[in-house]
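Dumped final.cif below, it's mmCIF, C-alpha atoms:
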data_data
#
loop_
_atom_site.label_atom_id
_atom_site.label_comp_id
_atom_site.auth_asym_id
_atom_site.auth_seq_id
_atom_site.Cartn_x
_atom_site.Cartn_y
_atom_site.Cartn_z
CA MET A 1200 -117.23 -10.56 -55.43
CA ILE A 1201 -119.85 -7.79 -55.50
CA LYS A 1202 -121.92 -9.48 -52.77
CA THR A 1203 -118.85 -9.64 -50.47
CA ALA A 1204 -118.02 -5.98 -51.04
CA ILE A 1205 -121.63 -4.87 -50.40
CA THR A 1206 -121.80 -6.91 -47.18
CA PHE A 1207 -118.51 -5.43 -45.95
CA CYS A 1208 -119.63 -1.87 -46.66
CA PHE A 1209 -123.01 -2.42 -45.00
CA CYS A 1210 -121.39 -3.76 -41.83
CA LEU A 1211 -119.05 -0.78 -41.60
CA LEU A 1212 -121.92 1.63 -42.15
CA LEU A 1213 -123.93 -0.05 -39.39
CA ILE A 1214 -121.01 0.17 -36.93
CA VAL A 1215 -120.46 3.87 -37.70
CA CYS A 1216 -124.15 4.66 -37.23
CA CYS A 1217 -124.22 2.86 -33.87
CA LEU A 1218 -121.13 4.71 -32.64
CA ARG A 1219 -122.62 8.04 -33.66
CA SER A 1220 -125.90 7.34 -31.86
CA VAL A 1221 -124.02 6.42 -28.67
CA SER A 1222 -121.91 9.56 -28.79
CA PHE A 1223 -124.99 11.78 -29.15
CA ALA A 1224 -126.73 10.06 -26.26
CA GLU A 1225 -123.88 10.59 -23.81
CA GLU A 1226 -123.59 13.82 -21.80
CA TYR A 1227 -120.60 15.84 -22.96
CA LYS A 1228 -117.84 16.24 -20.37
CA PHE A 1229 -114.64 18.21 -20.82
CA ASP A 1230 -111.48 16.25 -20.09
CA ILE A 1231 -108.10 17.95 -20.39
CA SER A 1232 -106.49 14.57 -21.15
CA GLU A 1233 -108.40 14.43 -24.44
CA ILE A 1234 -106.42 17.35 -25.85
CA GLU A 1235 -103.05 16.47 -24.34
CA LYS A 1236 -100.60 14.90 -26.75
CA LYS A 1237 -100.21 11.22 -25.99
CA PRO A 1238 -96.77 9.61 -26.15
CA TYR A 1239 -98.04 6.83 -28.39
CA HIS A 1240 -100.00 6.51 -31.62
CA LEU A 1241 -101.68 3.48 -33.18
CA GLY A 1242 -103.46 3.44 -36.51
CA GLY A 1243 -103.69 1.97 -39.95
CA TYR A 1244 -106.28 0.56 -42.30
CA ILE A 1245 -107.86 -2.67 -43.50
CA GLU A 1246 -108.68 -3.04 -47.16
CA LEU A 1247 -110.61 -5.40 -49.44
CA SER A 1248 -109.89 -5.19 -53.15
CA PRO A 1249 -111.44 -7.64 -55.63
CA SER A 1250 -110.53 -7.22 -59.31
CA LEU A 1251 -111.31 -8.64 -62.73
CA SER A 1252 -108.77 -8.54 -65.57
CA GLY A 1253 -109.55 -9.21 -69.21
CA LEU A 1254 -106.77 -11.18 -70.91
CA ASP A 1255 -105.29 -10.45 -74.33
CA ARG A 1256 -104.46 -13.91 -75.64
CA ASP A 1257 -102.52 -12.50 -78.61
CA ALA A 1258 -100.16 -10.39 -76.50
CA SER A 1259 -96.55 -11.47 -76.04
CA LEU A 1260 -96.63 -11.09 -72.27
CA TYR A 1261 -99.78 -13.25 -72.09
CA LYS A 1262 -97.94 -15.98 -74.00
CA LEU A 1263 -94.92 -15.63 -71.72
CA LYS A 1264 -96.94 -15.94 -68.52
CA PHE A 1265 -99.68 -18.40 -69.51
CA TYR A 1266 -98.06 -20.54 -72.20
CA ASN A 1267 -98.57 -23.72 -70.15
CA ARG A 1268 -101.92 -22.73 -68.58
CA GLU A 1269 -105.47 -22.21 -69.80
CA GLU A 1270 -107.08 -19.29 -68.01
CA GLY A 1271 -109.89 -18.32 -70.37
CA SER A 1272 -110.74 -14.73 -71.28
CA ALA A 1273 -110.54 -13.17 -67.81
CA ILE A 1274 -109.10 -13.83 -64.37
CA GLU A 1275 -110.43 -12.84 -60.95
CA GLU A 1276 -108.27 -11.81 -58.05
CA TYR A 1277 -109.19 -11.13 -54.42
CA ASN A 1278 -106.89 -9.08 -52.23
CA ALA A 1279 -107.04 -8.19 -48.56
CA ASN A 1280 -104.56 -5.84 -46.99
CA LEU A 1281 -103.86 -4.83 -43.40
CA GLN A 1282 -101.49 -1.94 -42.77
CA LEU A 1283 -100.59 -1.05 -39.19
CA GLU A 1284 -98.47 1.82 -37.94
CA GLY A 1285 -97.54 2.92 -34.48
CA SER A 1286 -95.14 5.20 -32.67
CA TYR A 1287 -93.99 5.84 -29.13
CA GLU A 1288 -92.19 9.00 -27.95
CA LYS A 1289 -90.24 9.53 -24.75
CA GLY A 1290 -87.85 12.39 -24.24
CA ILE A 1291 -85.61 12.83 -27.26
CA SER A 1292 -86.43 9.39 -28.68
CA LYS A 1293 -89.22 8.12 -30.93
CA LEU A 1294 -89.88 4.56 -32.06
CA TYR A 1295 -91.88 4.12 -35.28
CA ILE A 1296 -93.07 1.00 -37.10
CA LYS A 1297 -95.27 0.30 -40.11
CA THR A 1298 -96.21 -3.23 -41.17
CA ASN A 1299 -98.06 -4.49 -44.22
CA THR A 1300 -99.90 -7.80 -44.51
CA ASP A 1301 -101.11 -8.88 -47.94
CA TYR A 1302 -103.48 -11.76 -48.64
CA LYS A 1303 -104.09 -12.71 -52.26
CA LYS A 1304 -106.31 -15.31 -53.88
CA SER A 1305 -105.73 -15.69 -57.61
CA TYR A 1306 -105.26 -18.28 -60.36
CA LEU A 1307 -101.99 -19.23 -58.64
CA GLY A 1308 -103.79 -20.08 -55.40
CA ASP A 1309 -103.71 -18.42 -51.98
CA SER A 1310 -100.74 -16.47 -50.65
CA GLN A 1311 -100.05 -14.34 -47.61
CA LYS A 1312 -97.10 -12.09 -46.88
CA THR A 1313 -96.31 -9.85 -43.93
CA MET A 1314 -93.53 -7.30 -44.21
CA VAL A 1315 -92.12 -4.50 -42.10
CA TYR A 1316 -92.29 -1.47 -44.39
CA GLU A 1317 -90.66 0.85 -41.86
CA GLY A 1318 -89.25 0.37 -38.37
CA TYR A 1319 -86.71 2.76 -36.94
CA LEU A 1320 -85.53 4.59 -33.84
CA SER A 1321 -85.37 8.37 -34.11
CA LEU A 1322 -83.32 10.52 -31.74
CA LYS A 1323 -83.68 14.31 -31.59
CA PRO A 1324 -81.03 15.74 -29.25
CA SER A 1325 -81.80 19.30 -30.41
CA SER A 1326 -84.32 21.15 -32.54
CA SER A 1327 -81.76 21.23 -35.37
CA LEU A 1328 -80.59 17.60 -35.37
CA THR A 1329 -82.40 14.28 -35.85
CA VAL A 1330 -80.74 10.84 -36.13
CA ASP A 1331 -82.63 7.80 -37.48
CA ILE A 1332 -81.53 4.14 -37.41
CA GLY A 1333 -83.56 1.33 -38.92
CA LYS A 1334 -85.80 0.62 -41.91
CA LYS A 1335 -87.38 3.66 -43.54
CA THR A 1336 -88.40 5.25 -46.82
CA LEU A 1337 -86.56 8.47 -47.62
CA LYS A 1338 -89.12 9.80 -50.16
CA TRP A 1339 -86.65 11.85 -52.16
CA GLY A 1340 -87.82 13.64 -55.27
CA LYS A 1341 -90.59 16.07 -56.21
CA GLY A 1342 -92.37 14.11 -58.96
CA TYR A 1343 -95.84 12.65 -58.47
CA ALA A 1344 -95.77 9.57 -60.75
CA TRP A 1345 -91.99 9.10 -61.08
CA ASN A 1346 -88.90 10.07 -59.07
CA PRO A 1347 -85.66 9.61 -61.07
CA VAL A 1348 -83.61 11.07 -58.16
CA ALA A 1349 -85.01 8.64 -55.55
CA PHE A 1350 -81.78 6.61 -55.54
CA VAL A 1351 -82.47 4.90 -52.19
CA ASP A 1352 -86.22 4.31 -52.55
CA ARG A 1353 -88.13 1.61 -54.36
CA PRO A 1354 -89.85 2.79 -57.56
CA LYS A 1355 -93.43 4.00 -57.38
CA ASN A 1356 -96.26 2.42 -59.30
CA PRO A 1357 -97.38 5.27 -61.63
CA ASP A 1358 -100.86 3.73 -61.79
CA ASP A 1359 -101.21 4.24 -58.03
CA PRO A 1360 -98.30 6.44 -56.88
CA GLU A 1361 -99.64 7.13 -53.38
CA LEU A 1362 -99.30 3.52 -52.20
CA SER A 1363 -96.92 2.93 -49.29
CA LEU A 1364 -93.53 1.44 -50.20
CA GLU A 1365 -91.12 -0.80 -48.34
CA GLY A 1366 -88.02 1.02 -47.14
CA PHE A 1367 -84.36 0.05 -46.76
CA ILE A 1368 -82.35 -0.38 -43.56
CA VAL A 1369 -80.28 2.78 -43.15
CA ALA A 1370 -78.62 5.07 -40.67
CA SER A 1371 -79.30 8.73 -41.37
CA ALA A 1372 -79.11 12.16 -39.80
CA ASP A 1373 -80.85 15.42 -40.59
CA TYR A 1374 -79.37 18.79 -39.63
CA ILE A 1375 -81.44 21.88 -40.34
CA LYS A 1376 -80.59 25.58 -40.02
CA SER A 1377 -82.79 28.62 -40.64
CA PHE A 1378 -81.71 32.07 -41.85
CA SER A 1379 -83.15 35.45 -42.66
CA GLY A 1380 -82.88 36.65 -46.25
CA PRO A 1381 -83.35 34.95 -49.62
CA LEU A 1382 -81.88 31.68 -48.31
CA LYS A 1383 -84.38 30.77 -45.60
CA THR A 1384 -83.51 27.16 -44.76
CA VAL A 1385 -80.61 24.74 -45.25
CA SER A 1386 -80.60 21.09 -44.23
CA PHE A 1387 -78.22 18.21 -44.87
CA THR A 1388 -79.14 14.52 -44.68
CA PRO A 1389 -76.25 12.01 -44.83
CA VAL A 1390 -77.29 8.34 -45.18
CA ILE A 1391 -75.40 5.05 -44.73
CA ILE A 1392 -76.85 2.01 -46.56
CA PRO A 1393 -75.22 -1.39 -45.90
CA VAL A 1394 -75.82 -4.14 -48.49
CA TYR A 1395 -75.06 -7.71 -47.42
CA ASP A 1396 -76.79 -11.10 -47.49
CA HIS A 1397 -80.34 -10.63 -46.19
CA LEU A 1398 -79.66 -6.94 -45.60
CA ASN A 1399 -80.80 -4.57 -48.38
CA ASP A 1400 -79.68 -7.25 -50.84
CA THR A 1401 -82.17 -6.08 -53.51
CA LEU A 1402 -80.42 -2.71 -53.76
CA GLY A 1403 -77.47 -4.06 -55.77
CA THR A 1404 -74.03 -5.64 -55.38
CA LYS A 1405 -73.56 -7.23 -51.95
CA ASN A 1406 -70.83 -6.70 -49.36
CA ARG A 1407 -70.78 -2.96 -49.87
CA LEU A 1408 -71.26 0.01 -47.55
CA ASN A 1409 -72.98 2.75 -49.52
CA PHE A 1410 -73.27 6.46 -48.82
CA ALA A 1411 -75.97 8.86 -49.94
CA GLY A 1412 -76.85 12.41 -49.09
CA ARG A 1413 -79.26 15.24 -49.71
CA LEU A 1414 -78.61 18.97 -49.37
CA TYR A 1415 -81.89 20.90 -49.15
CA LEU A 1416 -82.25 24.65 -49.74
CA LEU A 1417 -85.29 26.89 -49.44
CA PHE A 1418 -84.11 29.72 -51.68
CA TYR A 1419 -86.42 32.53 -52.81
CA ASP A 1420 -89.43 30.32 -51.87
CA THR A 1421 -88.13 27.52 -54.11
CA ASP A 1422 -87.43 24.05 -52.67
CA ILE A 1423 -84.17 22.68 -54.09
CA ASP A 1424 -82.42 19.36 -53.37
CA PHE A 1425 -78.94 18.17 -54.37
CA ILE A 1426 -78.63 14.38 -54.05
CA PHE A 1427 -75.92 11.74 -54.50
CA LEU A 1428 -75.39 7.98 -54.04
CA SER A 1429 -72.03 6.17 -54.02
CA GLY A 1430 -70.50 3.00 -52.60
CA GLY A 1431 -70.50 0.20 -55.16
CA SER A 1432 -73.85 -1.55 -54.80
CA ARG A 1433 -75.04 0.74 -57.57
CA THR A 1434 -72.94 2.94 -59.79
CA THR A 1435 -72.37 6.49 -58.59
CA ARG A 1436 -75.24 8.84 -59.36
CA TYR A 1437 -76.12 12.49 -58.79
CA GLY A 1438 -79.42 14.34 -58.84
CA VAL A 1439 -81.10 17.69 -58.39
CA ASP A 1440 -84.78 18.54 -57.99
CA PHE A 1441 -86.91 21.63 -57.39
CA SER A 1442 -90.45 22.69 -56.58
CA ARG A 1443 -91.98 26.15 -56.57
CA ASN A 1444 -95.46 27.59 -56.15
CA ILE A 1445 -95.87 30.23 -58.86
CA THR A 1446 -99.27 31.06 -57.33
CA PRO A 1447 -101.11 29.40 -54.40
CA SER A 1448 -102.90 27.17 -56.93
CA PHE A 1449 -100.13 26.60 -59.50
CA GLU A 1450 -96.95 24.62 -58.75
CA ILE A 1451 -94.10 23.48 -60.99
CA HIS A 1452 -91.54 20.79 -60.17
CA GLY A 1453 -88.70 18.94 -61.82
CA GLU A 1454 -85.92 16.40 -61.33
CA PHE A 1455 -82.67 15.54 -63.09
CA ALA A 1456 -80.55 12.42 -62.44
CA PHE A 1457 -77.13 11.47 -63.79
CA ILE A 1458 -76.17 7.78 -63.46
CA ASN A 1459 -72.52 6.99 -64.10
CA ASP A 1460 -71.65 3.80 -66.06
CA TYR A 1461 -75.18 2.41 -66.19
CA LYS A 1462 -75.23 -1.16 -67.52
CA LYS A 1463 -78.20 -2.14 -69.69
CA LYS A 1464 -78.87 -5.74 -70.68
CA PHE A 1465 -80.87 -6.52 -73.79
CA ILE A 1466 -81.31 -9.19 -76.49
CA ASP A 1467 -81.84 -9.27 -80.23
CA GLY A 1468 -84.61 -11.13 -82.05
CA SER A 1469 -82.55 -14.34 -82.01
CA GLY A 1470 -81.98 -14.21 -78.27
CA ASN A 1471 -78.34 -13.11 -78.35
CA ALA A 1472 -77.56 -11.13 -75.18
CA TYR A 1473 -75.74 -7.80 -75.15
CA ASP A 1474 -74.54 -5.32 -72.55
CA SER A 1475 -74.37 -1.59 -73.06
CA VAL A 1476 -72.51 0.63 -70.57
CA TYR A 1477 -73.12 4.37 -70.73
CA ASP A 1478 -73.82 7.45 -68.62
CA ALA A 1479 -77.60 7.66 -68.31
CA LYS A 1480 -79.51 10.92 -67.86
CA SER A 1481 -83.10 10.88 -66.61
CA TYR A 1482 -85.30 13.89 -65.99
CA LEU A 1483 -88.85 14.93 -65.19
CA LEU A 1484 -90.82 18.16 -65.48
CA GLY A 1485 -94.33 18.61 -64.12
CA ILE A 1486 -97.05 20.95 -62.95
CA ARG A 1487 -99.93 20.79 -60.47
CA TYR A 1488 -102.83 23.21 -60.96
CA LEU A 1489 -105.97 23.68 -58.85
CA THR A 1490 -108.84 25.66 -60.40
CA GLU A 1491 -111.41 27.77 -58.58
CA LYS A 1492 -113.94 24.95 -59.10
CA ASP A 1493 -111.72 22.42 -57.27
CA THR A 1494 -110.47 20.67 -60.38
CA THR A 1495 -106.90 19.40 -59.95
CA TYR A 1496 -104.58 18.83 -62.92
CA ILE A 1497 -101.29 16.96 -62.53
CA PHE A 1498 -99.17 16.75 -65.66
CA GLU A 1499 -95.65 15.29 -65.99
CA TYR A 1500 -93.16 14.48 -68.71
CA TYR A 1501 -90.60 11.80 -67.84
CA HIS A 1502 -87.48 10.85 -69.77
CA ASN A 1503 -86.04 7.53 -68.61
CA GLY A 1504 -82.37 7.47 -69.56
CA THR A 1505 -82.09 3.80 -68.50
CA GLY A 1506 -84.99 2.74 -70.71
CA PHE A 1507 -85.17 0.67 -73.88
CA THR A 1508 -85.56 2.05 -77.37
CA VAL A 1509 -88.35 1.04 -79.76
CA ASP A 1510 -85.90 -1.14 -81.72
CA GLU A 1511 -84.78 -2.94 -78.56
CA MET A 1512 -88.38 -3.70 -77.57
CA ASN A 1513 -89.08 -4.81 -81.14
CA ASP A 1514 -86.40 -7.48 -80.66
CA TYR A 1515 -87.70 -8.56 -77.24
CA PHE A 1516 -91.35 -9.14 -78.12
CA PRO A 1517 -90.68 -11.24 -81.30
CA TYR A 1518 -88.25 -13.37 -79.29
CA ILE A 1519 -91.14 -14.27 -76.97
CA ASP A 1520 -93.42 -15.02 -79.92
CA ASN A 1521 -90.79 -17.25 -81.55
CA GLY A 1522 -90.25 -19.07 -78.27
CA TYR A 1523 -94.00 -19.57 -77.89
CA ASN A 1524 -94.29 -21.00 -81.39
CA THR A 1525 -91.40 -23.35 -80.65
CA TYR A 1526 -93.13 -24.49 -77.47
CA LEU A 1527 -96.37 -25.22 -79.35
CA SER A 1528 -94.61 -27.28 -82.02
CA THR A 1529 -91.97 -29.09 -79.92
CA GLY A 1530 -92.88 -28.65 -76.25
CA ASN A 1531 -89.48 -27.00 -75.61
CA ASP A 1532 -89.96 -23.96 -73.35
CA SER A 1533 -86.29 -23.05 -72.83
CA ALA A 1534 -86.58 -19.82 -74.84
CA LEU A 1535 -89.64 -18.76 -72.85
CA LYS A 1536 -87.87 -19.46 -69.55
CA ARG A 1537 -84.93 -17.37 -70.71
CA ALA A 1538 -87.26 -14.56 -71.75
CA SER A 1539 -88.93 -14.74 -68.34
CA SER A 1540 -85.58 -14.33 -66.55
CA LEU A 1541 -84.75 -11.31 -68.73
CA THR A 1542 -88.16 -9.79 -68.05
CA GLU A 1543 -87.91 -9.70 -64.26
CA GLY A 1544 -86.33 -6.44 -63.14
CA ASN A 1545 -85.36 -5.56 -66.71
CA TYR A 1546 -87.86 -5.55 -69.57
CA GLY A 1547 -90.59 -6.09 -66.99
CA ARG A 1548 -89.94 -2.86 -65.10
CA MET A 1549 -92.81 -0.39 -64.82
CA ASN A 1550 -92.52 1.90 -67.84
CA PRO A 1551 -89.31 0.35 -69.22
CA MET A 1552 -88.95 2.60 -72.30
CA LYS A 1553 -87.63 6.13 -72.83
CA ASP A 1554 -90.32 8.81 -72.81
CA TYR A 1555 -93.69 9.13 -71.06
CA LEU A 1556 -96.48 11.61 -70.41
CA TYR A 1557 -98.70 11.50 -67.31
CA LEU A 1558 -101.97 13.38 -66.85
CA ARG A 1559 -104.39 13.13 -63.95
CA ILE A 1560 -107.58 15.20 -63.69
CA SER A 1561 -109.75 15.02 -60.58
CA GLN A 1562 -112.89 16.96 -59.70
CA LYS A 1563 -113.99 17.38 -56.08
CA GLU A 1564 -117.77 17.06 -55.50
CA PRO A 1565 -119.04 17.73 -59.04
CA PHE A 1566 -122.65 19.01 -59.32
CA ASP A 1567 -122.57 19.43 -55.50
CA ILE A 1568 -122.52 15.67 -54.95
CA LEU A 1569 -120.93 15.58 -51.52
CA TYR A 1570 -117.92 13.36 -50.78
CA LEU A 1571 -117.62 12.17 -54.40
CA THR A 1572 -114.42 12.71 -56.39
CA PRO A 1573 -114.28 11.39 -59.96
CA SER A 1574 -110.94 11.40 -61.75
CA ILE A 1575 -109.20 10.08 -64.82
CA THR A 1576 -105.53 9.18 -65.27
CA GLY A 1577 -103.69 8.68 -68.53
CA ILE A 1578 -100.14 7.41 -69.13
CA CYS A 1579 -98.79 7.59 -72.66
CA ASN A 1580 -95.62 6.03 -74.03
CA ILE A 1581 -94.44 8.70 -76.46
CA ASN A 1582 -92.01 6.35 -78.23
CA ASP A 1583 -94.58 3.83 -79.49
CA SER A 1584 -97.86 5.76 -78.93
CA SER A 1585 -99.36 3.10 -76.65
CA PHE A 1586 -101.23 4.19 -73.54
CA SER A 1587 -103.37 3.36 -70.52
CA LEU A 1588 -106.51 5.21 -69.43
CA SER A 1589 -107.98 4.85 -65.93
CA PRO A 1590 -111.28 6.50 -64.88
CA GLU A 1591 -112.23 6.15 -61.23
CA LEU A 1592 -114.81 7.19 -58.62
CA LEU A 1593 -113.85 7.86 -55.00
CA TYR A 1594 -116.48 8.16 -52.24
CA THR A 1595 -115.64 9.24 -48.66
CA GLY A 1596 -119.10 9.99 -47.24
CA ILE A 1597 -118.84 7.42 -44.44
CA THR A 1598 -116.52 8.24 -41.55
CA ASN A 1599 -113.12 6.53 -41.93
CA LEU A 1600 -114.32 4.54 -44.95
CA GLU A 1601 -113.01 5.07 -48.47
CA LEU A 1602 -114.69 3.40 -51.45
CA ARG A 1603 -113.04 3.44 -54.88
CA LEU A 1604 -114.14 1.96 -58.19
CA ARG A 1605 -111.46 2.04 -60.86
CA MET A 1606 -111.20 0.74 -64.41
CA THR A 1607 -108.09 0.65 -66.58
CA PHE A 1608 -108.07 0.28 -70.35
CA ILE A 1609 -104.87 -0.17 -72.34
CA ALA A 1610 -104.26 0.15 -76.05
CA GLY A 1611 -101.38 0.00 -78.49
CA GLU A 1612 -100.12 -1.43 -81.74
CA ARG A 1613 -98.45 -4.80 -81.99
CA TYR A 1614 -95.00 -4.87 -80.30
CA SER A 1615 -95.74 -1.67 -78.37
CA GLU A 1616 -95.42 -1.56 -74.58
CA TYR A 1617 -99.12 -1.46 -73.71
CA GLY A 1618 -100.18 -3.39 -76.79
CA GLU A 1619 -98.23 -6.45 -75.58
CA LYS A 1620 -99.36 -6.46 -71.94
CA GLN A 1621 -101.24 -9.54 -70.76
CA ASN A 1622 -104.41 -7.54 -69.96
CA ASN A 1623 -106.48 -5.29 -72.15
CA TYR A 1624 -108.62 -4.04 -69.26
CA ARG A 1625 -108.86 -4.26 -65.47
CA THR A 1626 -111.72 -3.44 -63.10
CA GLU A 1627 -111.00 -2.99 -59.40
CA PHE A 1628 -113.15 -2.13 -56.39
CA ARG A 1629 -111.44 -1.03 -53.19
CA ALA A 1630 -112.98 -0.63 -49.74
CA ARG A 1631 -110.51 0.78 -47.21
CA TYR A 1632 -111.39 1.42 -43.55
CA TYR A 1633 -109.06 3.60 -41.48
CA PHE A 1634 -108.75 3.24 -37.71
#
Is it possible to give me this structure as structure tokens?
Amino acid sequence: MIKTAITFCFCLLLIVCCLRSVSFAEEYKFDISEIEKKPYHLGGYIELSPSLSGLDRDASLYKLKFYNREEGSAIEEYNANLQLEGSYEKGISKLYIKTNTDYKKSYLGDSQKTMVYEGYLSLKPSSSLTVDIGKKTLKWGKGYAWNPVAFVDRPKNPDDPELSLEGFIVASADYIKSFSGPLKTVSFTPVIIPVYDHLNDTLGTKNRLNFAGRLYLLFYDTDIDFIFLSGGSRTTRYGVDFSRNITPSFEIHGEFAFINDYKKKFIDGSGNAYDSVYDAKSYLLGIRYLTEKDTTYIFEYYHNGTGFTVDEMNDYFPYIDNGYNTYLSTGNDSALKRASSLTEGNYGRMNPMKDYLYLRISQKEPFDILYLTPSITGICNINDSSFSLSPELLYTGITNLELRLRMTFIAGERYSEYGEKQNNYRTEFRARYYF
């Protein structure tokens, strides 16, 4: 794993050095075409990312996933990723596409998957109006790690919130108007989201035509959004968010979401299933602060109104343990299979409980070490006091190449969220080359 990564990095470094030497040797000539905007753009990155995860054999989620396998104390995983994006503009139209190809080699074998993350046609008949049709991410919300008001986006991974996400197929418009006075800008974005077989079918109930919208205001230098989603694939929901720079280096942001008639499914310790229907309220409040020494602090509190309580999780984890014990004594894995089906998209969601804190601290070029940015990220489940801690080093000293070494440690009591995860640590190296 380490040998492969070193070889890859050395090859890239050699290529960059050769290109630089050629560019210095050539006589410089001015060409007006070099500064003219081209109608097309092609780019992307290629990434190698090996990882090693230490397994917690006493954890409930380890038993659920590996009950019929013997994987030892750690598992290796090798990932390669190719992300391509391109655009072409002509007149009032623009065509944009972003694809993502993932290759993974793990204990389950080899797998490869190519997906179109975004692909849409954009028309701009005037400076105030833009119409988009196709697959796209809307990126609603002001939060860094979580976005409770992002009703038509897939959830972020708080451990790596800047990763690209797959969009949904939509038709949208964006009308913007500027003013003088306290209200500087107003824009409205209506969105149509069809949900049918093989068309946005992961969004919710099929055979529905859904409508969403965002009203944006720039009022007294504060960004404000009012958001809604309706149509039947998901229950009606409303949201509001804001962001404001108190000073050039200090920003505050927040979100509030109201979800009408949210339906939560959960089980008791004996495996009896229950449904609870209620109006859920989720909200987030955060800050971003940059010091004079280039230290960045990002801090957020997130309340997940759709999440599980401590008592509900304390029924779920023992159910897995009881099912595992039954499997060991009788070979019957029906309870574990049922627990697995309840985990996917439910108990197995990222951060499935009620209240969380997020803190990320990063320092640019400490001790004048050029191109090096160390950081540390912590996520704490307030309800059960379990947490994850992720220190990392990022190096960008080679043109277009980004090297990152990251470790994640998790800790928690028995039957807590992080205490019952299948891993107790994870080490990951990432080499990403942009082109």
Residue nearest Gly1290 (chain A) - candidates A:Asn1524, A:Ser1321, A:Asn1409, A:Ser1585, atoms counted: all atoms listed in the file
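Among A:Asn1524, A:Ser1321, A:Asn1409, A:Ser1585, it is A:Ser1321 that comes nearest to Gly1290 (chain A).
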Can you spell out as a JSON list (two decimals) with C-alpha atoms, in the frame of the given file the set of residues that the PyMOL selection byres ((chain A and resi 1590-1596) around 8) selects in the structure I just provided?
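In the end it all went to out15.json:
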[["chain", "number", "residue", "atom", "x", "y", "z"],
["A", 1569, "LEU", "CA", -120.93, 15.58, -51.52],
["A", 1570, "TYR", "CA", -117.92, 13.36, -50.78],
["A", 1571, "LEU", "CA", -117.62, 12.17, -54.40],
["A", 1572, "THR", "CA", -114.42, 12.71, -56.39],
["A", 1573, "PRO", "CA", -114.28, 11.39, -59.96],
["A", 1574, "SER", "CA", -110.94, 11.40, -61.75],
["A", 1575, "ILE", "CA", -109.20, 10.08, -64.82],
["A", 1576, "THR", "CA", -105.53, 9.18, -65.27],
["A", 1588, "LEU", "CA", -106.51, 5.21, -69.43],
["A", 1589, "SER", "CA", -107.98, 4.85, -65.93],
["A", 1597, "ILE", "CA", -118.84, 7.42, -44.44],
["A", 1598, "THR", "CA", -116.52, 8.24, -41.55],
["A", 1599, "ASN", "CA", -113.12, 6.53, -41.93],
["A", 1600, "LEU", "CA", -114.32, 4.54, -44.95],
["A", 1601, "GLU", "CA", -113.01, 5.07, -48.47],
["A", 1602, "LEU", "CA", -114.69, 3.40, -51.45],
["A", 1603, "ARG", "CA", -113.04, 3.44, -54.88],
["A", 1604, "LEU", "CA", -114.14, 1.96, -58.19],
["A", 1605, "ARG", "CA", -111.46, 2.04, -60.86],
["A", 1606, "MET", "CA", -111.20, 0.74, -64.41],
["A", 1607, "THR", "CA", -108.09, 0.65, -66.58]]
Can you tell me which residues surround region 1540-1545 of chain A at a distance of at most 8 Å, considering only C-alpha atoms, apart from same-chain residues fewer than 3 positions away, and format the answer as a list of chain:residue names?
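In the requested form, the answer reads A:Lys1464, A:Phe1465, A:Lys1536, A:Arg1537, A:Arg1548, A:Pro1551.
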Between CA of Leu1362 (chain A) and CA of Ile1560 (chain A), what is the distance in Å, rounded to a tenth?
18.4 Å
Given all atoms listed in the file as the basis, pick out the residue of A:Arg1625, A:Arg1631, A:Lys1334, A:Arg1436 nearest to Glu1276 (chain A).
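Selected residue with least distance to Glu1276 (chain A): A:Arg1625.
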